[in-house]
$ cat model_25.tsv   # TSV, C-alpha atoms
chain	number	residue	atom	x	y	z
A	79	MET	CA	-29.28	5.67	-29.70
A	80	ASN	CA	-26.03	5.28	-31.69
A	81	ILE	CA	-23.42	2.54	-31.26
A	82	TRP	CA	-21.13	4.72	-29.14
A	83	ALA	CA	-23.87	5.61	-26.69
A	84	THR	CA	-24.80	1.92	-26.40
A	85	SER	CA	-21.15	0.98	-25.91
A	86	SER	CA	-20.69	3.59	-23.18
A	87	ILE	CA	-23.73	2.28	-21.26
A	88	LEU	CA	-22.56	-1.34	-21.55
A	89	LEU	CA	-18.99	-0.53	-20.54
A	90	SER	CA	-20.10	1.64	-17.61
A	91	THR	CA	-22.36	-1.16	-16.38
A	92	LEU	CA	-19.56	-3.69	-16.77
A	93	ALA	CA	-17.17	-1.48	-14.81
A	94	LEU	CA	-19.62	-1.08	-11.92
A	95	ILE	CA	-20.80	-4.71	-11.61
A	96	PRO	CA	-17.77	-6.02	-9.63
A	97	TYR	CA	-18.00	-3.14	-7.16
A	98	VAL	CA	-21.69	-3.89	-6.61
A	99	ILE	CA	-20.95	-7.62	-6.18
A	100	TYR	CA	-18.20	-6.86	-3.66
A	101	ALA	CA	-20.53	-4.60	-1.70
A	102	LEU	CA	-23.28	-7.24	-1.67
A	103	ILE	CA	-20.86	-9.97	-0.51
A	104	PHE	CA	-19.67	-7.70	2.26
A	105	LEU	CA	-23.22	-6.90	3.39
A	106	LEU	CA	-24.21	-10.58	3.31
A	107	THR	CA	-21.16	-11.85	5.20
A	108	MET	CA	-20.74	-8.80	7.48
A	109	PRO	CA	-17.08	-9.45	8.40
A	110	LYS	CA	-16.07	-7.60	11.55
A	111	PRO	CA	-12.68	-6.66	12.99
A	112	THR	CA	-11.66	-9.06	15.74
A	113	GLN	CA	-9.66	-8.10	18.78
A	114	LEU	CA	-7.18	-10.90	19.40
A	115	LYS	CA	-6.09	-11.74	22.90
A	116	GLN	CA	-2.35	-11.38	23.25
A	117	ASN	CA	-2.03	-14.42	25.54
A	118	HIS	CA	1.26	-13.06	26.84
A	119	TYR	CA	2.84	-13.85	23.47
A	120	ILE	CA	5.77	-11.44	23.35
A	121	PRO	CA	8.24	-12.70	20.75
A	122	THR	CA	11.47	-10.93	19.85
A	123	VAL	CA	11.05	-8.41	17.04
A	124	SER	CA	13.38	-7.06	14.35
A	125	ILE	CA	12.28	-3.68	12.97
A	126	VAL	CA	13.65	-3.03	9.48
A	127	LEU	CA	13.94	0.61	8.46
A	128	PRO	CA	15.29	1.49	5.00
A	129	THR	CA	16.65	5.07	4.80
A	130	PHE	CA	17.80	7.45	2.10
A	131	ASN	CA	18.57	11.08	2.96
A	132	GLU	CA	16.11	11.20	5.85
A	133	SER	CA	18.01	13.73	8.00
A	134	SER	CA	15.01	16.05	8.27
A	135	ILE	CA	12.61	13.38	9.60
A	136	ILE	CA	14.63	10.46	10.97
A	137	GLU	CA	14.71	11.61	14.59
A	138	LYS	CA	10.93	11.90	14.66
A	139	LYS	CA	10.67	8.34	13.33
A	140	LEU	CA	13.16	6.95	15.86
A	141	ASN	CA	11.36	8.65	18.74
A	142	ASN	CA	8.14	7.09	17.48
A	143	LEU	CA	9.70	3.61	17.45
A	144	CYS	CA	11.04	4.04	20.99
A	145	SER	CA	7.62	5.12	22.26
A	146	ILE	CA	6.00	1.83	21.17
A	147	ASP	CA	4.37	-0.14	24.00
A	148	TYR	CA	6.62	-3.21	23.70
A	149	PRO	CA	9.63	-4.39	25.70
A	150	LEU	CA	12.52	-2.53	24.06
A	151	ASP	CA	14.99	-5.20	25.16
A	152	LYS	CA	13.13	-7.59	22.82
A	153	ILE	CA	13.56	-5.28	19.82
A	154	GLU	CA	16.43	-4.84	17.41
A	155	VAL	CA	16.33	-2.06	14.83
A	156	ILE	CA	17.98	-2.81	11.49
A	157	VAL	CA	18.65	0.29	9.44
A	158	VAL	CA	19.82	-0.17	5.86
A	159	ASP	CA	21.05	3.18	4.59
A	160	SER	CA	22.28	4.61	1.29
A	161	SER	CA	22.21	8.29	2.31
A	162	THR	CA	24.51	11.04	1.12
A	163	ASP	CA	23.46	13.40	3.92
A	164	THR	CA	23.83	13.14	7.70
A	165	THR	CA	21.16	10.45	8.23
A	166	ARG	CA	23.62	7.80	9.46
A	167	GLU	CA	25.28	10.19	11.89
A	168	ILE	CA	21.91	11.17	13.39
A	169	ILE	CA	20.92	7.50	13.75
A	170	SER	CA	24.22	6.52	15.39
A	171	SER	CA	24.07	9.46	17.80
A	172	PHE	CA	20.46	8.62	18.73
A	173	PHE	CA	21.21	4.98	19.56
A	174	ASN	CA	24.41	5.85	21.40
A	175	SER	CA	22.31	7.81	23.86
A	176	ILE	CA	19.97	4.93	24.76
A	177	GLU	CA	20.39	1.35	25.96
A	178	PHE	CA	17.54	-0.31	24.09
A	179	PRO	CA	16.55	-1.15	21.43
A	180	THR	CA	19.77	-2.40	19.88
A	181	LEU	CA	20.87	-1.16	16.46
A	182	LYS	CA	22.27	-2.88	13.40
A	183	LEU	CA	23.30	-0.25	10.87
A	184	ILE	CA	23.96	-1.52	7.33
A	185	LYS	CA	25.68	0.92	4.99
A	186	GLU	CA	24.99	0.39	1.31
A	187	PRO	CA	27.97	1.20	-0.91
A	188	THR	CA	25.65	2.65	-3.56
A	189	ARG	CA	21.91	3.12	-3.79
A	190	ALA	CA	20.72	0.04	-5.66
A	191	GLY	CA	16.98	0.05	-4.98
A	192	LEU	CA	14.64	-0.70	-2.10
A	193	ALA	CA	14.23	-4.41	-2.80
A	194	ILE	CA	17.98	-5.05	-2.73
A	195	ALA	CA	18.30	-3.02	0.49
A	196	LEU	CA	15.49	-4.97	2.13
A	197	ASN	CA	16.94	-8.33	1.13
A	198	MET	CA	20.16	-7.27	2.87
A	199	ALA	CA	18.29	-6.16	5.99
A	200	TYR	CA	16.07	-9.25	6.17
A	201	SER	CA	19.13	-11.51	5.98
A	202	GLU	CA	20.54	-9.71	9.05
A	203	ALA	CA	17.36	-10.10	11.12
A	204	SER	CA	17.82	-12.48	14.05
A	205	HIS	CA	14.48	-12.17	15.89
A	206	ASP	CA	11.25	-14.16	15.59
A	207	ILE	CA	9.11	-11.50	13.88
A	208	VAL	CA	10.37	-8.99	11.31
A	209	ILE	CA	8.50	-5.71	10.92
A	210	LYS	CA	9.26	-3.46	7.98
A	211	THR	CA	8.28	0.20	8.30
A	212	ASP	CA	8.91	3.43	6.37
A	213	CYS	CA	10.60	6.58	7.64
A	214	ASP	CA	7.75	8.88	6.64
A	215	SER	CA	5.14	7.05	8.72
A	216	LEU	CA	4.22	6.79	12.39
A	217	LEU	CA	3.17	3.64	14.22
A	218	ASP	CA	0.43	3.49	16.81
A	219	ARG	CA	1.69	2.87	20.34
A	220	ASN	CA	0.03	-0.59	20.45
A	221	SER	CA	0.78	-1.59	16.87
A	222	ILE	CA	3.47	-4.20	17.56
A	223	LYS	CA	1.65	-5.91	20.45
A	224	THR	CA	-1.51	-6.05	18.36
A	225	ALA	CA	0.29	-7.42	15.30
A	226	VAL	CA	2.30	-10.13	17.07
A	227	ALA	CA	-0.86	-11.46	18.72
A	228	ASN	CA	-1.79	-12.78	15.28
A	229	PHE	CA	1.40	-14.85	15.17
A	230	SER	CA	0.30	-16.87	18.20
A	231	ASN	CA	-1.64	-18.70	15.47
A	232	ASN	CA	0.95	-20.89	13.73
A	233	HIS	CA	-0.95	-20.65	10.45
A	234	VAL	CA	-0.36	-16.88	10.17
A	235	GLY	CA	2.77	-15.91	8.26
A	236	ALA	CA	2.35	-12.16	7.76
A	237	VAL	CA	0.26	-9.25	9.09
A	238	THR	CA	-0.44	-5.75	7.84
A	239	GLY	CA	-2.55	-2.91	9.23
A	240	THR	CA	-4.52	0.21	8.34
A	241	ASN	CA	-3.82	3.89	7.90
A	242	SER	CA	-5.81	5.34	10.80
A	243	LYS	CA	-4.90	8.94	10.00
A	244	VAL	CA	-3.65	10.54	6.80
A	245	ILE	CA	-0.86	12.97	7.68
A	246	GLY	CA	-1.57	16.17	5.76
A	247	GLY	CA	-5.34	15.65	5.97
A	248	SER	CA	-5.93	14.50	2.39
A	249	LYS	CA	-9.60	13.52	2.13
A	250	VAL	CA	-8.92	11.90	-1.25
A	251	GLU	CA	-6.52	9.46	0.35
A	252	SER	CA	-8.64	9.07	3.46
A	253	ASP	CA	-11.70	8.11	1.39
A	254	TYR	CA	-9.68	5.67	-0.68
A	255	ARG	CA	-8.26	4.07	2.48
A	256	ASN	CA	-11.79	3.71	3.87
A	257	ILE	CA	-12.79	1.75	0.77
A	258	GLN	CA	-9.62	-0.31	0.95
A	259	PHE	CA	-10.29	-1.02	4.64
A	260	TYR	CA	-13.52	-2.88	3.85
A	261	VAL	CA	-12.02	-4.68	0.85
A	262	GLN	CA	-9.09	-5.97	2.92
A	263	LEU	CA	-11.37	-6.90	5.80
A	264	LEU	CA	-13.45	-9.01	3.42
A	265	GLU	CA	-10.37	-10.62	1.87
A	266	SER	CA	-8.99	-11.61	5.26
A	267	HIS	CA	-12.42	-12.87	6.29
A	268	PHE	CA	-12.38	-15.33	3.38
A	269	ASP	CA	-8.68	-16.20	3.32
A	270	SER	CA	-5.89	-13.64	3.08
A	271	THR	CA	-5.44	-10.08	1.89
A	272	PHE	CA	-3.42	-9.14	-1.19
A	273	ILE	CA	-2.07	-5.63	-0.55
A	274	PHE	CA	0.49	-5.13	2.22
A	275	HIS	CA	1.47	-1.64	3.36
A	276	GLY	CA	4.94	-0.12	3.59
A	277	PRO	CA	4.36	1.72	6.88
A	278	PHE	CA	3.66	-1.58	8.67
A	279	SER	CA	4.18	-5.10	7.39
A	280	ALA	CA	5.13	-7.95	9.76
A	281	PHE	CA	6.51	-11.34	8.73
A	282	ARG	CA	7.65	-14.56	10.39
A	283	ARG	CA	11.42	-14.49	9.99
A	284	ASN	CA	11.69	-18.16	9.06
A	285	CYS	CA	9.18	-17.60	6.22
A	286	ILE	CA	11.00	-14.67	4.59
A	287	VAL	CA	12.43	-15.38	1.14
A	288	PRO	CA	14.29	-12.95	-1.16
A	289	ILE	CA	12.15	-10.56	-3.18
A	290	GLU	CA	12.85	-9.70	-6.81
A	291	LYS	CA	15.62	-7.12	-7.17
A	292	ASP	CA	13.45	-4.79	-9.26
A	293	SER	CA	10.33	-5.24	-7.12
A	294	LEU	CA	8.15	-2.14	-6.92
A	295	ALA	CA	5.84	-3.51	-4.19
A	296	ASP	CA	8.20	-5.34	-1.85
A	297	ASP	CA	5.73	-5.80	1.02
A	298	THR	CA	2.93	-7.19	-1.15
A	299	GLU	CA	5.34	-9.43	-3.07
A	300	LEU	CA	6.80	-10.91	0.11
A	301	ALA	CA	3.32	-11.47	1.57
A	302	LEU	CA	2.29	-13.33	-1.58
A	303	LYS	CA	5.44	-15.46	-1.42
A	304	ILE	CA	4.53	-16.35	2.17
A	305	ARG	CA	0.96	-17.20	1.14
A	306	ARG	CA	2.51	-19.60	-1.37
A	307	GLN	CA	3.90	-21.43	1.68
A	308	ASN	CA	0.28	-22.18	2.65
A	309	LEU	CA	0.27	-19.64	5.47
A	310	SER	CA	-2.30	-16.88	5.95
A	311	VAL	CA	-1.30	-13.27	5.27
A	312	VAL	CA	-3.84	-11.18	7.14
A	313	PHE	CA	-5.13	-7.67	7.45
A	314	ASP	CA	-5.62	-6.65	11.09
A	315	PRO	CA	-7.50	-3.33	11.28
A	316	ASN	CA	-6.45	-2.99	14.92
A	317	VAL	CA	-2.84	-2.50	13.76
A	318	LYS	CA	-2.72	1.21	13.03
A	319	PHE	CA	-0.26	3.59	11.46
A	320	GLN	CA	-0.19	7.10	9.99
A	321	GLU	CA	1.17	8.04	6.59
A	322	ALA	CA	1.47	11.32	4.69
A	323	SER	CA	-0.38	11.92	1.44
A	324	HIS	CA	-1.26	14.78	-0.93
A	325	SER	CA	-4.70	15.86	-2.10
A	326	SER	CA	-3.33	17.69	-5.16
A	327	PHE	CA	-4.03	15.69	-8.33
A	328	TRP	CA	-0.57	16.03	-9.83
A	329	LYS	CA	1.38	15.79	-6.57
A	330	ARG	CA	-0.39	12.51	-5.81
A	331	ARG	CA	0.74	10.94	-9.07
A	332	MET	CA	4.30	10.10	-7.99
A	333	GLN	CA	3.11	8.36	-4.81
A	334	LYS	CA	0.03	6.66	-6.32
A	335	ASP	CA	1.61	5.68	-9.66
A	336	ARG	CA	4.53	4.04	-7.87
A	337	ARG	CA	2.21	1.94	-5.71
A	338	ALA	CA	0.00	1.06	-8.66
A	339	MET	CA	2.96	-0.08	-10.76
A	340	GLY	CA	4.16	-2.32	-7.95
A	341	LEU	CA	0.81	-4.02	-7.42
A	342	VAL	CA	0.26	-4.61	-11.13
A	343	GLN	CA	3.81	-5.98	-11.42
A	344	VAL	CA	3.18	-8.49	-8.60
A	345	LEU	CA	-0.05	-9.74	-10.20
A	346	LEU	CA	1.56	-10.16	-13.62
A	347	ARG	CA	4.52	-12.06	-12.16
A	348	ASN	CA	2.29	-14.40	-10.18
A	349	LYS	CA	-0.38	-15.38	-12.68
A	350	ASP	CA	-0.10	-19.01	-11.60
A	351	VAL	CA	-1.64	-18.14	-8.20
A	352	VAL	CA	-5.03	-17.66	-9.86
A	353	GLY	CA	-7.18	-20.69	-9.05
A	354	ASN	CA	-4.79	-22.05	-6.40
A	355	TYR	CA	-4.26	-21.63	-2.65
A	356	GLY	CA	-7.90	-21.81	-1.63
A	357	LEU	CA	-10.08	-18.72	-1.77
A	358	TYR	CA	-6.96	-16.59	-2.05
A	359	GLY	CA	-6.44	-17.79	-5.61
A	360	ARG	CA	-10.10	-18.30	-6.45
A	361	PHE	CA	-11.54	-15.04	-5.08
A	362	VAL	CA	-8.99	-12.56	-3.70
A	363	ILE	CA	-6.45	-12.58	-6.54
A	364	PRO	CA	-9.03	-12.64	-9.39
A	365	SER	CA	-10.82	-9.69	-7.73
A	366	ASN	CA	-7.57	-7.76	-7.62
A	367	TRP	CA	-6.93	-8.62	-11.26
A	368	TRP	CA	-10.26	-7.00	-12.05
A	369	PHE	CA	-9.80	-3.88	-9.92
A	370	LEU	CA	-6.13	-3.29	-10.71
A	371	ILE	CA	-5.74	-4.43	-14.32
A	372	ILE	CA	-9.06	-4.83	-16.14
A	373	SER	CA	-11.23	-2.12	-14.56
A	374	PRO	CA	-8.99	0.89	-15.46
A	375	TRP	CA	-9.18	0.06	-19.16
A	376	ILE	CA	-12.94	-0.50	-19.07
A	377	ILE	CA	-13.43	2.85	-17.34
A	378	PHE	CA	-11.12	4.55	-19.86
A	379	LEU	CA	-12.95	2.98	-22.82
A	380	SER	CA	-16.29	3.87	-21.23
A	381	MET	CA	-15.29	7.54	-20.90
A	382	ALA	CA	-13.94	7.52	-24.47
A	383	SER	CA	-17.22	6.03	-25.74
A	384	ILE	CA	-19.23	8.67	-23.87
A	385	ALA	CA	-17.06	11.41	-25.40
A	386	ILE	CA	-17.47	9.99	-28.92
A	387	ALA	CA	-21.23	9.54	-28.42
A	388	ILE	CA	-21.60	13.16	-27.30
A	389	PHE	CA	-19.44	14.38	-30.19
A	390	SER	CA	-21.48	12.40	-32.72
A	391	ILE	CA	-24.73	13.92	-31.40
A	392	LYS	CA	-23.65	17.45	-30.43
A	393	PRO	CA	-19.99	18.22	-31.22
A	394	LEU	CA	-20.11	21.50	-29.31
A	395	PHE	CA	-20.93	19.62	-26.07
A	396	ILE	CA	-17.40	18.16	-25.95
A	397	LEU	CA	-15.92	21.39	-24.60
A	398	PRO	CA	-18.40	21.70	-21.68
A	399	MET	CA	-17.80	18.01	-20.90
A	400	ALA	CA	-14.03	18.53	-20.79
A	401	LEU	CA	-14.44	21.62	-18.62
A	402	LEU	CA	-16.76	19.70	-16.27
A	403	ILE	CA	-14.13	16.96	-15.84
A	404	ILE	CA	-11.38	19.50	-15.19
A	405	PHE	CA	-13.58	21.38	-12.71
A	406	SER	CA	-14.47	18.14	-10.91
A	407	ILE	CA	-10.78	17.22	-10.58
A	408	TRP	CA	-10.06	20.72	-9.28
A	409	LEU	CA	-12.80	20.37	-6.64
A	410	GLY	CA	-11.70	16.84	-5.81
A	411	GLN	CA	-8.10	17.79	-5.10
A	412	LYS	CA	-9.42	20.48	-2.79
A	413	ASP	CA	-11.53	17.86	-0.98
A	414	SER	CA	-14.63	19.85	-1.93
A	415	LEU	CA	-16.82	17.37	-3.80
A	416	GLY	CA	-18.99	16.52	-0.82
A	417	PRO	CA	-20.80	13.17	-1.33
A	418	LEU	CA	-18.93	12.69	-4.62
A	419	GLN	CA	-15.55	12.76	-2.89
A	420	MET	CA	-15.45	8.99	-2.44
A	421	PRO	CA	-16.21	8.17	-6.12
A	422	TYR	CA	-13.53	10.74	-6.98
A	423	ALA	CA	-11.06	8.86	-4.77
A	424	LEU	CA	-11.77	5.70	-6.79
A	425	PHE	CA	-11.39	7.64	-10.04
A	426	ASP	CA	-8.07	9.06	-8.82
A	427	THR	CA	-6.82	5.52	-8.14
A	428	GLN	CA	-7.97	4.32	-11.56
A	429	VAL	CA	-5.99	7.16	-13.17
A	430	SER	CA	-2.84	5.93	-11.42
A	431	LEU	CA	-3.52	2.34	-12.40
A	432	LEU	CA	-3.95	3.26	-16.05
A	433	ARG	CA	-0.77	5.35	-15.96
A	434	SER	CA	1.05	2.48	-14.26
A	435	HIS	CA	0.09	0.11	-17.09
A	436	LEU	CA	1.55	2.52	-19.63
A	437	LEU	CA	4.73	3.03	-17.59
A	438	LEU	CA	5.22	-0.73	-17.27
A	439	LEU	CA	4.59	-1.26	-20.97
A	440	THR	CA	7.17	1.39	-21.86
A	441	LYS	CA	9.61	0.09	-19.21
A	442	LYS	CA	9.80	3.49	-17.49
A	443	ASN	CA	10.62	3.81	-13.77
A	444	VAL	CA	10.81	0.05	-13.29
A	445	ASP	CA	14.29	-0.29	-11.77
A	446	GLY	CA	13.05	-0.03	-8.19
A	447	ILE	CA	14.85	3.25	-7.48
A	448	TRP	CA	12.46	6.08	-6.74
A	449	GLU	CA	12.92	9.80	-6.56
A	450	VAL	CA	12.30	11.27	-3.12
A	451	ASP	CA	9.21	13.48	-2.84
A	452	PRO	CA	10.38	16.38	-0.63
A	453	THR	CA	6.86	17.80	-0.30
A	454	LEU	CA	5.65	14.60	1.37
A	455	ARG	CA	8.44	14.91	3.91
A	456	GLU	CA	7.37	18.45	4.60
A	457	LEU	CA	3.90	17.11	5.46
A	458	PHE	CA	5.48	14.50	7.76
A	459	LYS	CA	7.49	17.07	9.70
$ encode --input "model_25.tsv" --output "structure tokens"
Amino acid sequence: MNIWATSSILLSTLALIPYVIYALIFLLTMPKPTQLKQNHYIPTVSIVLPTFNESSIIEKKLNNLCSIDYPLDKIEVIVVDSSTDTTREIISSFFNSIEFPTLKLIKEPTRAGLAIALNMAYSEASHDIVIKTDCDSLLDRNSIKTAVANFSNNHVGAVTGTNSKVIGGSKVESDYRNIQFYVQLLESHFDSTFIFHGPFSAFRRNCIVPIEKDSLADDTELALKIRRQNLSVVFDPNVKFQEASHSSFWKRRMQKDRRAMGLVQVLLRNKDVVGNYGLYGRFVIPSNWWFLIISPWIIFLSMASIAIAIFSIKPLFILPMALLIIFSIWLGQKDSLGPLQMPYALFDTQVSLLRSHLLLLTKKNVDGIWEVDPTLRELFK
């Protein structure tokens, strides 16, 4: 066995060990979702909705918000908008036709990035709990009641939920979310979760602090800032939302790469959290460093070592290997890999993480202003 074959085996083993350890910890601790009693805790809620040229989908989103099982007279909706289409007119007309919830409409002079828009909106929030949501997502009817029940515990500063249904039916995304579900459940079981989700993230208003102007993962960054205040930031799997996603390998890159860049950026900017803040800094954050920063490079080097080992033994085998990878990706994006679909979902995420590292290193797409993906909006419609 040559040095490259040995290296590929060692690297592959190293890449898999943390996943095996995580699975064993989960099986040994068996964390389970808990259904919190609401105890008649019905605080006032500010819903923050950032918009940019959402005219084709905004009415569907507003109807979804008004169908939530929560007293509408206890809700204010804060829209921060930088649109150049008729989004603002549609929003104004919609709220003029109803009594509740009340509307605060903030018009941005120019589109400066999501983080800046959110900082403006959060500063205008006047209610006890602030919920940030995205236009291209739908909230479960009970999502707000379920989320605010967590805040009856004074030690909870932020809550996020789970994607119960992938709009568009992408099995790649669905499988990845299933893996993420158990990871976040385990993290919350020990202390707090790291990743917060754009479709539903809830925060105590008096704990909100400004996020960095070029933040690429505003929800996760704010949750981490709240955890720094010695409050728990929890994943509640009973808080459910729906979000659109592609199965196509290349179409997924814009959505996945953007998320990956944001998460890596938050970890790099908060290196001092490692080892601090209880098990959050001693277990949750180091685990995310491994999965989001170290693991993609180990997997890349492992695949490179395998390719070199094969080439050194049988050069002609490189072409079949390349074709096998391409064929597997083709099957994966068609959700046709059967039992291998879940490993493919992890591979797909690792691709985005590796690409995100390169984009951050080259300073590309790091200003916080993202291009709209019109095909995702078509799925949402």
$ atom_distance --input "model_25.tsv" --atom1 "atom CA of A:Ile289" --atom2 "atom CA of A:Glu186"
17.5 Å
$ residues_around --input "model_25.tsv" --residues "A:Ile120" --least-positions-apart "6" --cutoff "12 Å" --atoms "all atoms listed in the file" --output "list in words"
Asp147, Tyr148, Pro149, Leu150, Asp151, Lys152, Ile153, His205, Asp206, Ile207, Ile222, Lys223, Thr224, Ala225, Val226, Ala227, Asn228, Phe229 and Ser230 of chain A
$ residues_around --input "model_25.tsv" --residues "stretch 259-276 of chain A" --least-positions-apart "3" --cutoff "9 Å" --atoms "all atoms listed in the file" --output "MDAnalysis selection string"
chainID A and resid 100:101 103:104 107:111 210:212 215 237:241 254:256 279 295:302 305 309:315 341 356:358 361:363 366
$ atom_distance --input "model_25.tsv" --atom1 "atom CA of A:Ala236" --atom2 "atom CA of A:Thr129"
22.6 Å
$ residues_around --input "model_25.tsv" --residues "A:Val287" --least-positions-apart "4" --cutoff "10 Å" --atoms "all atoms listed in the file" --output "ChimeraX atom specification"
/A:197,200-201,283,300-301,303-304
$ atom_distance --input "model_25.tsv" --atom1 "atom CA of A:Asn308" --atom2 "atom CA of A:Ala280"
16.6 Å
$ residues_around --input "model_25.tsv" --residues "stretch 320-331 of chain A" --least-positions-apart "4" --cutoff "7 Å" --atoms "all atoms listed in the file" --output "MDAnalysis selection string"
chainID A and resid 214:217 241:246 248:251 335 411:412 430 454 457:458
$ closest_residue --input "model_25.tsv" --among "A:Leu432, A:Ile194, A:Met381, A:Ile257" --to "A:Ile447" --atoms "only C-alpha atoms"
A:Ile194
$ residues_around --input "model_25.tsv" --residues "A:Trp368" --least-positions-apart "5" --cutoff "12 Å" --atoms "only C-alpha atoms" --output "list in words"
Leu92, Ala93, Leu94, Ile95, Pro96, Tyr97, Tyr100, Val342, Leu345, Phe361, Val362, Ile363, Ser373, Pro374, Trp375, Ile376, Ile377, Gln428 and Leu431 of chain A
